[in-house]
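Coordinates from coords03.csv are shown below (CSV, C-alpha atoms).
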```
chain,number,residue,atom,x,y,z
A,1,MET,CA,60.1,45.7,38.3
A,2,MET,CA,63.8,44.7,38.4
A,3,VAL,CA,64.3,45.9,34.9
A,4,ALA,CA,62.7,49.3,35.7
A,5,ARG,CA,64.8,49.7,38.8
A,6,GLY,CA,68.0,48.8,36.9
A,7,ALA,CA,67.2,51.3,34.2
A,8,ASP,CA,66.6,54.0,36.8
A,9,GLU,CA,69.9,53.2,38.5
A,10,LYS,CA,71.7,53.3,35.2
A,11,SER,CA,70.2,56.7,34.4
A,12,ALA,CA,71.1,58.1,37.8
A,13,MET,CA,74.7,57.0,37.3
A,14,ALA,CA,74.8,58.5,33.9
A,15,ASP,CA,73.7,61.9,35.4
A,16,ALA,CA,76.0,61.8,38.4
A,17,HIS,CA,78.5,64.3,36.8
A,18,LEU,CA,75.8,66.9,36.5
A,19,LEU,CA,74.2,66.8,39.9
A,20,GLU,CA,74.4,69.5,42.6
A,21,SER,CA,73.9,68.8,46.3
A,22,ARG,CA,72.5,71.2,48.9
A,23,VAL,CA,74.8,72.1,51.8
A,24,GLY,CA,72.8,75.0,53.3
A,25,SER,CA,69.5,76.8,52.9
A,26,GLU,CA,68.2,80.3,53.8
A,27,GLU,CA,64.6,81.4,53.7
A,28,ILE,CA,64.3,84.8,51.9
A,29,LEU,CA,60.6,85.3,51.7
A,30,LYS,CA,57.3,83.6,52.7
A,31,GLY,CA,54.4,85.3,51.1
A,32,HIS,CA,50.7,84.4,50.7
A,33,PHE,CA,51.5,82.5,47.5
A,34,LEU,CA,55.3,82.1,47.0
A,35,HIS,CA,58.1,80.8,49.2
A,36,VAL,CA,61.6,81.9,48.2
A,37,PHE,CA,64.9,80.3,49.3
A,38,ARG,CA,68.6,80.8,48.7
A,39,ASP,CA,70.6,77.6,48.9
A,40,THR,CA,74.3,76.9,48.9
A,41,VAL,CA,75.1,73.9,46.7
A,42,ARG,CA,78.1,71.8,46.0
A,43,LEU,CA,78.8,71.6,42.3
A,44,PRO,CA,80.1,68.5,40.5
A,45,ASP,CA,83.6,69.9,40.6
A,46,GLY,CA,83.4,70.3,44.4
A,47,LYS,CA,83.1,74.1,44.4
A,48,HIS,CA,80.2,76.0,46.0
A,49,ALA,CA,77.6,78.2,44.5
A,50,THR,CA,74.2,79.8,45.4
A,51,ARG,CA,70.8,79.0,44.0
A,52,GLU,CA,67.8,81.2,44.5
A,53,TYR,CA,64.4,79.7,43.7
A,54,VAL,CA,60.7,79.9,44.4
A,55,ILE,CA,58.6,77.1,45.9
A,56,HIS,CA,55.3,76.8,44.0
A,57,PRO,CA,52.3,74.6,44.9
A,58,GLY,CA,51.8,73.5,41.3
A,59,ALA,CA,49.0,74.3,38.8
A,60,VAL,CA,46.8,72.9,36.0
A,61,MET,CA,46.0,74.1,32.5
A,62,VAL,CA,43.0,73.1,30.5
A,63,VAL,CA,42.8,72.7,26.7
A,64,ALA,CA,39.0,72.6,26.5
A,65,GLN,CA,37.5,71.9,23.0
A,66,LEU,CA,34.0,72.5,21.9
A,67,ASP,CA,32.1,70.0,19.6
A,68,ASP,CA,32.8,72.2,16.6
A,69,GLY,CA,36.6,72.1,17.3
A,70,ARG,CA,37.0,75.5,18.7
A,71,VAL,CA,39.1,75.9,21.9
A,72,VAL,CA,38.3,78.0,25.0
A,73,LEU,CA,40.7,80.8,25.7
A,74,GLU,CA,41.1,83.7,28.0
A,75,ARG,CA,42.4,87.3,28.0
A,76,GLN,CA,43.8,88.3,31.3
A,77,TYR,CA,46.0,91.2,32.6
A,78,ARG,CA,49.3,89.8,34.1
A,79,TYR,CA,50.8,92.4,36.4
A,80,PRO,CA,54.5,91.2,36.3
A,81,VAL,CA,54.7,91.6,32.5
A,82,GLN,CA,52.3,94.6,32.5
A,83,SER,CA,50.3,93.1,29.6
A,84,VAL,CA,47.0,91.4,28.7
A,85,MET,CA,47.9,87.9,27.8
A,86,LEU,CA,46.1,85.3,25.7
A,87,GLU,CA,46.0,82.0,27.5
A,88,PHE,CA,44.4,78.6,28.1
A,89,PRO,CA,42.4,78.5,31.3
A,90,ALA,CA,44.7,77.6,34.3
A,91,GLY,CA,45.1,77.9,38.0
A,92,LYS,CA,47.1,76.8,41.0
A,93,LEU,CA,46.4,73.7,43.1
A,94,ASP,CA,44.8,74.2,46.5
A,95,PRO,CA,46.5,72.4,49.4
A,96,GLY,CA,45.7,68.7,49.2
A,97,GLU,CA,43.6,69.2,46.0
A,98,ALA,CA,43.8,66.5,43.3
A,99,SER,CA,44.9,67.6,39.8
A,100,LEU,CA,41.7,66.7,38.0
A,101,ALA,CA,39.5,68.3,40.7
A,102,CYS,CA,41.6,71.5,40.3
A,103,ALA,CA,41.2,71.4,36.5
A,104,GLN,CA,37.4,70.9,36.7
A,105,ARG,CA,37.2,73.7,39.3
A,106,GLU,CA,39.3,76.2,37.4
A,107,LEU,CA,37.5,75.6,34.1
A,108,LEU,CA,34.1,76.2,35.7
A,109,GLU,CA,35.2,79.2,37.8
A,110,GLU,CA,37.0,81.0,35.1
A,111,THR,CA,34.9,80.1,32.0
A,112,GLY,CA,31.6,78.7,33.2
A,113,TYR,CA,32.2,75.5,31.3
A,114,THR,CA,31.9,71.9,32.6
A,115,ALA,CA,33.1,68.9,30.6
A,116,ARG,CA,31.9,65.3,30.4
A,117,GLN,CA,35.3,63.9,29.6
A,118,TRP,CA,38.8,64.6,30.7
A,119,ALA,CA,42.3,63.4,29.7
A,120,ARG,CA,45.6,64.2,31.4
A,121,ALA,CA,48.1,64.9,28.6
A,122,GLY,CA,51.3,65.5,30.6
A,123,VAL,CA,53.2,68.0,32.7
A,124,LEU,CA,55.3,71.0,31.9
A,125,HIS,CA,57.9,72.9,34.0
A,126,PRO,CA,57.6,76.6,32.9
A,127,VAL,CA,60.5,78.2,34.8
A,128,ILE,CA,63.0,75.4,35.6
A,129,SER,CA,65.8,77.9,36.4
A,130,TYR,CA,64.2,79.5,39.4
A,131,SER,CA,61.0,77.7,40.5
A,132,THR,CA,59.6,74.3,41.4
A,133,GLU,CA,56.4,75.1,39.5
A,134,PHE,CA,54.8,72.3,37.5
A,135,ILE,CA,51.6,72.5,35.4
A,136,ASP,CA,49.5,69.5,34.6
A,137,ILE,CA,48.1,69.6,31.1
A,138,TRP,CA,44.4,68.5,30.9
A,139,PHE,CA,42.2,68.2,27.9
A,140,ALA,CA,38.4,68.5,28.2
A,141,ARG,CA,35.6,67.8,25.8
A,142,GLY,CA,31.8,67.4,25.9
A,143,LEU,CA,31.5,71.0,27.2
A,144,THR,CA,28.4,72.6,28.7
A,145,LEU,CA,28.3,76.3,29.3
A,146,GLY,CA,27.0,77.6,32.7
A,147,GLU,CA,27.7,80.5,35.0
A,148,ARG,CA,31.3,81.6,35.8
A,149,LYS,CA,32.4,81.8,39.5
A,150,LEU,CA,35.3,84.2,39.4
A,151,ASP,CA,37.3,84.8,42.5
A,152,ALA,CA,37.2,88.2,44.1
A,153,GLY,CA,39.5,90.6,42.3
A,154,GLU,CA,39.7,88.3,39.2
A,155,PHE,CA,39.0,89.9,35.8
A,156,LEU,CA,39.2,88.1,32.5
A,157,ASP,CA,37.5,87.7,29.1
A,158,VAL,CA,36.6,84.3,27.8
A,159,PHE,CA,36.4,83.6,24.0
A,160,THR,CA,36.9,80.8,21.6
A,161,ALA,CA,39.1,80.3,18.5
A,162,THR,CA,39.8,77.6,16.0
A,163,PRO,CA,43.1,75.6,16.4
A,164,THR,CA,44.3,77.2,13.2
A,165,GLU,CA,43.7,80.7,14.5
A,166,LEU,CA,45.5,79.9,17.7
A,167,LEU,CA,48.4,78.4,15.9
A,168,ASP,CA,48.7,81.5,13.8
A,169,TRP,CA,48.7,83.7,16.9
A,170,CYS,CA,51.5,81.6,18.3
A,171,GLY,CA,53.5,82.0,15.1
A,172,ASN,CA,53.1,85.8,14.8
A,173,GLY,CA,53.9,86.5,18.5
A,174,ARG,CA,50.4,87.3,19.8
A,175,VAL,CA,50.7,84.3,22.1
A,176,THR,CA,53.8,84.3,24.2
A,177,ASP,CA,52.6,82.5,27.4
A,178,ALA,CA,54.8,79.5,27.8
A,179,LYS,CA,52.1,77.1,29.1
A,180,THR,CA,49.7,78.0,26.2
A,181,LEU,CA,52.5,77.5,23.6
A,182,THR,CA,53.0,74.0,25.1
A,183,GLY,CA,49.3,73.4,25.1
A,184,VAL,CA,49.2,74.2,21.4
A,185,LEU,CA,52.0,71.7,20.8
A,186,TRP,CA,49.9,69.1,22.5
A,187,LEU,CA,46.8,70.1,20.6
A,188,GLN,CA,48.5,69.9,17.2
A,189,ASN,CA,49.8,66.4,17.9
A,190,VAL,CA,46.5,65.2,19.4
A,191,LEU,CA,44.5,66.5,16.4
A,192,SER,CA,47.0,64.9,13.9
A,193,GLY,CA,46.7,61.6,15.7
A,194,ALA,CA,50.4,61.5,16.6
A,195,TRP,CA,49.8,61.7,20.3
A,196,ALA,CA,47.0,59.7,22.0
A,197,LEU,CA,44.9,60.7,25.1
A,198,ASP,CA,43.3,58.4,27.7
A,199,TRP,CA,39.9,59.9,28.2
A,200,GLN,CA,37.9,59.5,31.5
A,201,ALA,CA,34.6,60.6,32.8
A,202,ALA,CA,34.5,63.8,34.9
A,203,THR,CA,34.6,63.2,38.6
A,204,PRO,CA,31.8,64.4,40.9
A,205,GLN,CA,32.4,67.8,42.4
```
In structure tokens, how does this file's structure come out?
Amino acid sequence: MMVARGADEKSAMADAHLLESRVGSEEILKGHFLHVFRDTVRLPDGKHATREYVIHPGAVMVVAQLDDGRVVLERQYRYPVQSVMLEFPAGKLDPGEASLACAQRELLEETGYTARQWARAGVLHPVISYSTEFIDIWFARGLTLGERKLDAGEFLDVFTATPTELLDWCGNGRVTDAKTLTGVLWLQNVLSGAWALDWQAATPQ
């Protein structure tokens, strides 16, 4: 523990010349989903600047793979970009909800699939310049198809593709969703054996 703490302290000291400190904060918007602030910060050179950012509850993304190797994907209209996007299943955390429970819930609700085994791959921060949002990346296998339980007002298509097809779509620009591109990076490295996963049994829901 002493070594780890010393390493953390050394890392913090090395970053000191980059850090900003908050000196004031103003709430701009509190909506049903997002919470927006404008902070005044002190820069490393002592000058002040403003930072506008969105508080986000966090989310999960699921890379769910069938026994034949195909992955489960969705097509969903995303209003801010006015386009139907190709994505891995994903959704935001409910208050107090554990990450794995959220991943299991979202996979079932959006696609109808349940999985026997799960592995947390890592975390990504999709919009670090203006949001606190993080997305936990989960892998799922041992899939069984059941009935979807979409939320009211939620419309999406579910389909499957091979990892090669998905990689091609990333390369030719059909896939531009940041979380899905990151998921494909993980999928490539897991399938090649470069990155290992620690699998666990599904938790009761």
Using all atoms listed in the file, which of A:Ser83, A:Thr40, A:Thr132, A:Gln104 sits nearest Gly58 of chain A? A:Thr132
As a check of understanding: the span from atom CA of Glu133 of chain A to atom CA of Asn172 of chain A is 27.1 Å
With a distance cut-off of 10 Å and all atoms listed in the file, select the neighbouring residues of Asp198 of chain A, excluding the residue or stretch itself and same-chain residues fewer than 3 positions from it, and output the selection as JSON, numbers by chain. {"A": [117, 118, 119, 120, 121, 139]}
So which residues fall inside 8 Å of (58.9, 80.4, 47.7) if we count only C-alpha atoms? Mind giving them as a ChimeraX atom specification? /A:29-31,33-37,53-56,131
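When all atoms listed in the file are used to compute distances to Glu74 of chain A, the closest of the residues A:Gly153, A:Pro95, A:Gly46, A:Gly112 turns out to be A:Gly112.
Residues in contact with Cys102 of chain A at up to 10 Å, not including ones fewer than 5 positions away on its chain and judged by all atoms listed in the file, are Ala59, Val60, Met61, Ala90, Gly91, Lys92, Leu93, Asp94, Glu97, Leu107, Leu108 and Asp136 of chain A.
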Need the neighbours of (41.9, 85.5, 43.5): which residues are at most 12 Å away, counting all atoms listed in the file, as an MDAnalysis selection string? chainID A and resid 32:33 91:92 106 109:110 149:156
Mind giving me the straight-line distance from atom CA of Leu18 of chain A to atom CA of Pro44 of chain A in Å, one decimal? 6.1 Å
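For Arg141 of chain A, the non-local neighbours within 8 Å, defined as residues at least 2 positions apart in the same chain or in other chains and counting all atoms listed in the file, are A:Ala64, A:Gln65, A:Leu66, A:Asp67, A:Ala115, A:Arg116, A:Gln117, A:Trp118, A:Phe139, A:Leu143.
Our summary of the geometry notes that atom CA of Asp157 of chain A is positioned 5.0 Å from atom CA of Arg75 of chain A.
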Which polymer residues have any atom within 12 Å of an atom of Val175 of chain A, counting all atoms listed in the file, with same-chain residues fewer than 3 positions away left out, as a list in words? Leu73, Glu74, Arg75, Ser83, Val84, Met85, Leu86, Glu87, Phe88, Glu165, Leu166, Leu167, Asp168, Trp169, Cys170, Gly171, Asn172, Ala178, Lys179, Thr180, Leu181, Thr182, Gly183 and Val184 of chain A
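Comparing A:Tyr77, A:Ala103, A:Phe159, A:Val71 by their smallest distance to Leu187 of chain A, the closest is A:Val71 (using only C-alpha atoms).
Between Asp68 of chain A and the residues A:Ala196, A:Val127, A:Leu100, A:Ala161, the shortest atom-to-atom distance, using only C-alpha atoms, involves A:Ala161.
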Could segment 165-199 of chain A be completed with N, CA and C atoms and returned as a PDB file, in the frame of the given file?
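After the write, rebuild-v6.pdb holds the following:
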```
ATOM      1  N   GLU A 165      43.489  79.334  14.029  1.00  0.00           N
ATOM      2  CA  GLU A 165      43.700  80.700  14.500  1.00  0.00           C
ATOM      3  C   GLU A 165      44.677  80.793  15.611  1.00  0.00           C
ATOM      4  N   LEU A 166      44.550  79.876  16.571  1.00  0.00           N
ATOM      5  CA  LEU A 166      45.500  79.900  17.700  1.00  0.00           C
ATOM      6  C   LEU A 166      46.886  79.617  17.283  1.00  0.00           C
ATOM      7  N   LEU A 167      47.072  78.685  16.371  1.00  0.00           N
ATOM      8  CA  LEU A 167      48.400  78.400  15.900  1.00  0.00           C
ATOM      9  C   LEU A 167      49.015  79.618  15.182  1.00  0.00           C
ATOM     10  N   ASP A 168      48.212  80.331  14.414  1.00  0.00           N
ATOM     11  CA  ASP A 168      48.700  81.500  13.800  1.00  0.00           C
ATOM     12  C   ASP A 168      49.125  82.586  14.789  1.00  0.00           C
ATOM     13  N   TRP A 169      48.370  82.728  15.869  1.00  0.00           N
ATOM     14  CA  TRP A 169      48.700  83.700  16.900  1.00  0.00           C
ATOM     15  C   TRP A 169      50.019  83.312  17.609  1.00  0.00           C
ATOM     16  N   CYS A 170      50.274  82.019  17.723  1.00  0.00           N
ATOM     17  CA  CYS A 170      51.500  81.600  18.300  1.00  0.00           C
ATOM     18  C   CYS A 170      52.694  81.930  17.340  1.00  0.00           C
ATOM     19  N   GLY A 171      52.461  81.772  16.057  1.00  0.00           N
ATOM     20  CA  GLY A 171      53.500  82.000  15.100  1.00  0.00           C
ATOM     21  C   GLY A 171      53.824  83.502  14.898  1.00  0.00           C
ATOM     22  N   ASN A 172      52.810  84.383  15.060  1.00  0.00           N
ATOM     23  CA  ASN A 172      53.100  85.800  14.800  1.00  0.00           C
ATOM     24  C   ASN A 172      53.396  86.566  16.117  1.00  0.00           C
ATOM     25  N   GLY A 173      53.506  85.853  17.241  1.00  0.00           N
ATOM     26  CA  GLY A 173      53.900  86.500  18.500  1.00  0.00           C
ATOM     27  C   GLY A 173      52.798  87.045  19.333  1.00  0.00           C
ATOM     28  N   ARG A 174      51.554  86.863  18.933  1.00  0.00           N
ATOM     29  CA  ARG A 174      50.400  87.300  19.800  1.00  0.00           C
ATOM     30  C   ARG A 174      50.349  86.503  21.038  1.00  0.00           C
ATOM     31  N   VAL A 175      50.625  85.206  20.924  1.00  0.00           N
ATOM     32  CA  VAL A 175      50.700  84.300  22.100  1.00  0.00           C
ATOM     33  C   VAL A 175      52.117  84.107  22.488  1.00  0.00           C
ATOM     34  N   THR A 176      52.464  84.518  23.710  1.00  0.00           N
ATOM     35  CA  THR A 176      53.800  84.300  24.200  1.00  0.00           C
ATOM     36  C   THR A 176      53.838  83.554  25.534  1.00  0.00           C
ATOM     37  N   ASP A 177      52.680  83.277  26.089  1.00  0.00           N
ATOM     38  CA  ASP A 177      52.600  82.500  27.400  1.00  0.00           C
ATOM     39  C   ASP A 177      53.112  81.121  27.176  1.00  0.00           C
ATOM     40  N   ALA A 178      54.077  80.731  28.008  1.00  0.00           N
ATOM     41  CA  ALA A 178      54.800  79.500  27.800  1.00  0.00           C
ATOM     42  C   ALA A 178      53.838  78.252  27.921  1.00  0.00           C
ATOM     43  N   LYS A 179      52.943  78.272  28.894  1.00  0.00           N
ATOM     44  CA  LYS A 179      52.100  77.100  29.100  1.00  0.00           C
ATOM     45  C   LYS A 179      51.107  76.960  27.880  1.00  0.00           C
ATOM     46  N   THR A 180      50.642  78.102  27.355  1.00  0.00           N
ATOM     47  CA  THR A 180      49.700  78.000  26.200  1.00  0.00           C
ATOM     48  C   THR A 180      50.448  77.560  24.966  1.00  0.00           C
ATOM     49  N   LEU A 181      51.687  77.995  24.761  1.00  0.00           N
ATOM     50  CA  LEU A 181      52.500  77.500  23.600  1.00  0.00           C
ATOM     51  C   LEU A 181      52.657  75.979  23.743  1.00  0.00           C
ATOM     52  N   THR A 182      52.917  75.486  24.946  1.00  0.00           N
ATOM     53  CA  THR A 182      53.000  74.000  25.100  1.00  0.00           C
ATOM     54  C   THR A 182      51.711  73.349  24.885  1.00  0.00           C
ATOM     55  N   GLY A 183      50.618  73.964  25.345  1.00  0.00           N
ATOM     56  CA  GLY A 183      49.300  73.400  25.100  1.00  0.00           C
ATOM     57  C   GLY A 183      48.986  73.283  23.619  1.00  0.00           C
ATOM     58  N   VAL A 184      49.412  74.265  22.841  1.00  0.00           N
ATOM     59  CA  VAL A 184      49.200  74.200  21.400  1.00  0.00           C
ATOM     60  C   VAL A 184      50.004  73.085  20.762  1.00  0.00           C
ATOM     61  N   LEU A 185      51.222  72.855  21.260  1.00  0.00           N
ATOM     62  CA  LEU A 185      52.000  71.700  20.800  1.00  0.00           C
ATOM     63  C   LEU A 185      51.258  70.410  21.004  1.00  0.00           C
ATOM     64  N   TRP A 186      50.706  70.249  22.194  1.00  0.00           N
ATOM     65  CA  TRP A 186      49.900  69.100  22.500  1.00  0.00           C
ATOM     66  C   TRP A 186      48.682  68.973  21.581  1.00  0.00           C
ATOM     67  N   LEU A 187      47.986  70.103  21.438  1.00  0.00           N
ATOM     68  CA  LEU A 187      46.800  70.100  20.600  1.00  0.00           C
ATOM     69  C   LEU A 187      47.052  69.724  19.195  1.00  0.00           C
ATOM     70  N   GLN A 188      48.104  70.257  18.616  1.00  0.00           N
ATOM     71  CA  GLN A 188      48.500  69.900  17.200  1.00  0.00           C
ATOM     72  C   GLN A 188      48.678  68.388  17.101  1.00  0.00           C
ATOM     73  N   ASN A 189      49.421  67.813  18.017  1.00  0.00           N
ATOM     74  CA  ASN A 189      49.800  66.400  17.900  1.00  0.00           C
ATOM     75  C   ASN A 189      48.574  65.493  18.217  1.00  0.00           C
ATOM     76  N   VAL A 190      47.695  65.924  19.113  1.00  0.00           N
ATOM     77  CA  VAL A 190      46.500  65.200  19.400  1.00  0.00           C
ATOM     78  C   VAL A 190      45.570  65.175  18.151  1.00  0.00           C
ATOM     79  N   LEU A 191      45.380  66.362  17.552  1.00  0.00           N
ATOM     80  CA  LEU A 191      44.500  66.500  16.400  1.00  0.00           C
ATOM     81  C   LEU A 191      45.043  65.707  15.185  1.00  0.00           C
ATOM     82  N   SER A 192      46.359  65.638  15.061  1.00  0.00           N
ATOM     83  CA  SER A 192      47.000  64.900  13.900  1.00  0.00           C
ATOM     84  C   SER A 192      46.956  63.402  14.143  1.00  0.00           C
ATOM     85  N   GLY A 193      46.703  62.975  15.383  1.00  0.00           N
ATOM     86  CA  GLY A 193      46.700  61.600  15.700  1.00  0.00           C
ATOM     87  C   GLY A 193      48.111  61.054  16.128  1.00  0.00           C
ATOM     88  N   ALA A 194      49.094  61.949  16.193  1.00  0.00           N
ATOM     89  CA  ALA A 194      50.400  61.500  16.600  1.00  0.00           C
ATOM     90  C   ALA A 194      50.542  61.187  18.057  1.00  0.00           C
ATOM     91  N   TRP A 195      49.771  61.893  18.883  1.00  0.00           N
ATOM     92  CA  TRP A 195      49.800  61.700  20.300  1.00  0.00           C
ATOM     93  C   TRP A 195      48.379  61.266  20.763  1.00  0.00           C
ATOM     94  N   ALA A 196      48.272  60.198  21.554  1.00  0.00           N
ATOM     95  CA  ALA A 196      47.000  59.700  22.000  1.00  0.00           C
ATOM     96  C   ALA A 196      46.670  60.188  23.412  1.00  0.00           C
ATOM     97  N   LEU A 197      45.388  60.299  23.726  1.00  0.00           N
ATOM     98  CA  LEU A 197      44.900  60.700  25.100  1.00  0.00           C
ATOM     99  C   LEU A 197      44.078  59.544  25.636  1.00  0.00           C
ATOM    100  N   ASP A 198      44.133  59.404  26.946  1.00  0.00           N
ATOM    101  CA  ASP A 198      43.300  58.400  27.700  1.00  0.00           C
ATOM    102  C   ASP A 198      42.198  59.128  28.367  1.00  0.00           C
ATOM    103  N   TRP A 199      41.026  59.114  27.735  1.00  0.00           N
ATOM    104  CA  TRP A 199      39.900  59.900  28.200  1.00  0.00           C
ATOM    105  C   TRP A 199      39.206  59.187  29.386  1.00  0.00           C
TER     106      TRP A 199
END
```
